[in-house]
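For reference, the structure is listed below as structure tokens.
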Amino acid sequence: MTQAGTFAVAALQGDEAVAEAVRQCDVDVVAAYPITPQTIIVEKLAEFVADGRFSGEFIPVESEHSALSACVGAAATGARVFTATSSQGLAYMHEMLYNASGMRLPIVMAVANRALSAPLVLNADHGDMMGSRDSGWIQVYGENVEEVYDRTIQLFKLSEDPRVMLPSTINFEGFIISHDKERVRLLDEGAIRRFLGRPAPKHRIDPKTPLTFGAIANPDNYFEFKMQQAEAMKNTLAVFNEVEEEFESFSGRRYGAVNSYNTDGADRVVVANGCSAGTMRAAARALNAGGEKVGVLTIRLYRPFPAEEVVANLRRAKSVITMDRSFSLGAPSGPISEDVKSVLKGAGLGAPVMSVVYGIGGRDLSVDDGKKIFEMAKDENSFRATQMLYGVKG
Amino acid sequence: MYQQVKGLKELPLQEPLSPGHRLCPGCGASIVVREVLLAAPSDTVVVNATGCLEVSTALYGYSAWNRPWIHSAFENAAAVASGIDAGFKALARRGEGEEHPIVVFGGDGGTYDIGIQALSGAMERGHRFLYVCYDNEAYMNTGIQRSGGTPRGAWTTTTQAGSARAGKTEAKKDLMAIVVAHHVPYAATASISHWRDLMNKVRKALSMDGPTFLHVMAPCMRGWRFDGAKTVRMSRLAVETRTFPLYEVEGGVYRITVPVPSPKPAEEFLKAQGRYSHLFLPQNAAELETVKREIEGNYIRLEKMSQLTGQIFGSAASQQP
């Protein structure tokens, strides 16, 4: 067993790291379709197949819709199943997302986040996953390659837990993380497989016990099916911590559902997800060095929403700055902002919230931008805008 | 190789599709399912596209299926079957499961139209499954709307017959030709009226290692406008008038399995159904002629294809279904 601190170190792109995790996790079936910026995952897995390093079945499907449909069929046999996509591909899967979660199939999917067409763009924002926000999938956002690698491994354990049995996504921004080569401390394959065990679903396609999967439900039952999914989402919060604890025991690495940087005692706290959280921490560090009191709360687990932890970390904030890398057109504010406002209100907290929308279609956010955003939060007028568009021209 | 079905007494007593389901009395689809699954091994796994068959057999709390059965969406049955095939293979390699025969049921809407991409992909990739299209020639589940499988001249609620139009003005898509173009090991048409022919085609298909296809006519009394007591007779008339020829394509070789040397007039089949009644109005005489010409042309084409492909590929591949 790998001891904490002793690792094989590799330089991997985000996509390569996901593929390596999938290989190490002893996945039975991968069904995927190429789409930029996720394609490297599919290519890498095909390379593993050709080299005899991946012993599962690789289905090079003719579309993303069929990718997730094949995953549904494979997961129903009790196999461990993985797919990956981006943007248009995720949108094309949309129907099947609800199907996979409603049928309680623990499929794991990597989403290299990319903005949606039109106009067509290849670069990152979270609009693809946020468009499927309510599809019943667990959503985790990573901010660097190693975290994305670790989460991919953890998600199989989380999704396959009998208290959960929900599909999950590891989200990471296209190109920024998918194509960025970083140092990754790879974990021991044996340790990963001992950590995961084998999937053991209560129900699977088996002629010895002929079960009916995917029945039609009328209004007298449909609501209860959804209620059970919501219960599973609730359970996920607790199981998530257990999985992290067990993962930490052999890897020495733990991330949390949220990450708190200097939130205690800060007068302005940013709430962000994905790679911009790191950018905002760098900005906060620089400002803190100059005597300002600012902090950053990173949302790592977005669905289910870790409401209690978010409230606990924002309880003493004088003002809150939410940062959405997705544009909810016509809405009062972005999805993260809506969630944060909702839990603050529910907890009786009255801190004003500045709702920033940034980075749309892959527009960069620098540390200087981060400092400017903190600066803007000194002006109470900034809190009046419904969605403050940061970095837009004109 | 496979065991030929010779008589009814050889068939299992247990019904794969239990009585008590909610399909209409005289539903062709339920007879298709019954004949297919009575011929298939008892460990067969069923995949179902959304449609009449699905909504009427698996209303939560009840299930008519004495087989493992999965439904997921309308357009993806073949893709779901791909995943099951891959799952079985991966688990069997680990010693954690076994491979089982997979039979997919999709209607004409789920096969000719919305599901054709998933079917095409799954056939091209070579997964092992038998896809059965039960063709009732329209979207019957949503209330008789045209599909790519609706024949020329037929009335549906979206191809109405009036003074300006006489039902569907386009030809029925040649689904078998599309399937055969994928070079699948075996594809055949079948009719519930010729049950032995159908069952042996099922057995032959399931004996092949790869994707196979069965196109079965499934008369719909609601959509075709006929008495539900005459479903099997309607299917037989389709064969006897050469409207629905029974043939198979194995290794590229075409063979008509139920030759119809002296066909009944097509009118006998067409007149028996309300959906064609407008074709017999004087102003639609030309349209009726087109329908008849196409029926005859298709049969002659299949005869010629049988001769031609037999000469090219040899008749060794052909055998009694």
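Order determines the names: the first chain of the structure tokens is A, the second B, and so forth; residues in each chain are numbered 1 upward, and ligands are numbered 1 upward as they are shown.
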> Within 6 Å of chain B, which residues of chain A show up when using only C-alpha atoms, listed as a PyMOL selection string?
Replying inline: chain A and resi 28+56-57+62+66+69-71+73-74+77+79+205+207+210-217
>> I need the residues of segment 5-224 of chain A that end up classed as strand (DSSP E or B) by DSSP on the backbone, written out as a PyMOL selection string.
In response: chain A and resi 8-13+29-32+57-60+81-85+108-113+138-141+168-173+181-186+212-213+216
>> as a ChimeraX atom specification, please: the residues near segment 238-250 of chain B (cut-off 8 Å, only C-alpha atoms, same-chain neighbours under 3 positions excluded).
In response: /B:180,185-191,217,234-235,253-260,263-266,268-269,295-296,299,317-318
>> as JSON, numbers by chain, please: the residues near Asp267 of chain A (cut-off 7 Å, only C-alpha atoms, same-chain neighbours under 2 positions excluded).
In response: {"A": [265, 269, 293, 294, 317, 318, 319]}
> Residues at most 6 Å from segment 167-176 of chain B, counting only C-alpha atoms, excluding those fewer than 4 positions away in the same chain, as a list in words?
Replying inline: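 Surrounding residues, per the criterion: Gly148, Gly149, Thr150, Pro151, Arg152, Gly153, Ala154, Trp155, Thr159, Gln160, Ala161 and Val180 of chain B.
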File of the preceding selection, C-alpha atoms, as a PDB file, in the first residue's frame:
ATOM      1  CA  GLY B 148     -40.896   6.790 -42.222  1.00  0.00           C
ATOM      2  CA  GLY B 149     -42.494   3.341 -42.175  1.00  0.00           C
ATOM      3  CA  THR B 150     -45.965   4.547 -43.174  1.00  0.00           C
ATOM      4  CA  PRO B 151     -46.705   3.285 -46.695  1.00  0.00           C
ATOM      5  CA  ARG B 152     -47.653   5.490 -49.614  1.00  0.00           C
ATOM      6  CA  GLY B 153     -51.332   6.298 -49.698  1.00  0.00           C
ATOM      7  CA  ALA B 154     -52.037   5.464 -46.058  1.00  0.00           C
ATOM      8  CA  TRP B 155     -54.159   7.782 -43.953  1.00  0.00           C
ATOM      9  CA  THR B 159     -51.254  12.471 -43.567  1.00  0.00           C
ATOM     10  CA  GLN B 160     -54.961  13.007 -43.889  1.00  0.00           C
ATOM     11  CA  ALA B 161     -56.993  12.214 -46.951  1.00  0.00           C
ATOM     12  CA  VAL B 180     -28.320  -4.829 -45.109  1.00  0.00           C
TER      13      VAL B 180
END
>> Just list as a list in words whatever in segment 172-219 of chain A DSSP marks as alpha helix (DSSP H).
In response: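 Put together, the selection reads Glu189, Gly190, Ala191, Ile192, Arg193, Arg194, Phe195 and Leu196 of chain A.
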> Taking only C-alpha atoms into account, which of A:Phe223, A:Phe374, A:Phe305, A:Phe250 comes nearest Asn288 of chain A?
Replying inline: A:Phe374
>> Just want the 7 Å neighbourhood of segment 186-193 of chain A, counted on only C-alpha atoms, with same-chain residues fewer than 4 positions away dropped. Output as a ChimeraX atom specification.
In response: /A:1-2,7-10,24-25,197,251
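Atom pair atom CA of Glu338 of chain A / atom CA of Thr298 of chain A: separated by 15.6 Å.
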>> I'd like the contact shell of Val140 of chain A - 10 Å cut-off, only C-alpha atoms, skipping same-chain residues fewer than 5 positions apart - returned as a count of residues only.
In response: 20
>> Taking only C-alpha atoms into account, name the residue in A:Asn218, A:Gly330, A:Lys371, A:Asp339 that is nearest to Gln387 of chain A.
In response: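 Under the stated criterion, the closest residue is A:Gly330.
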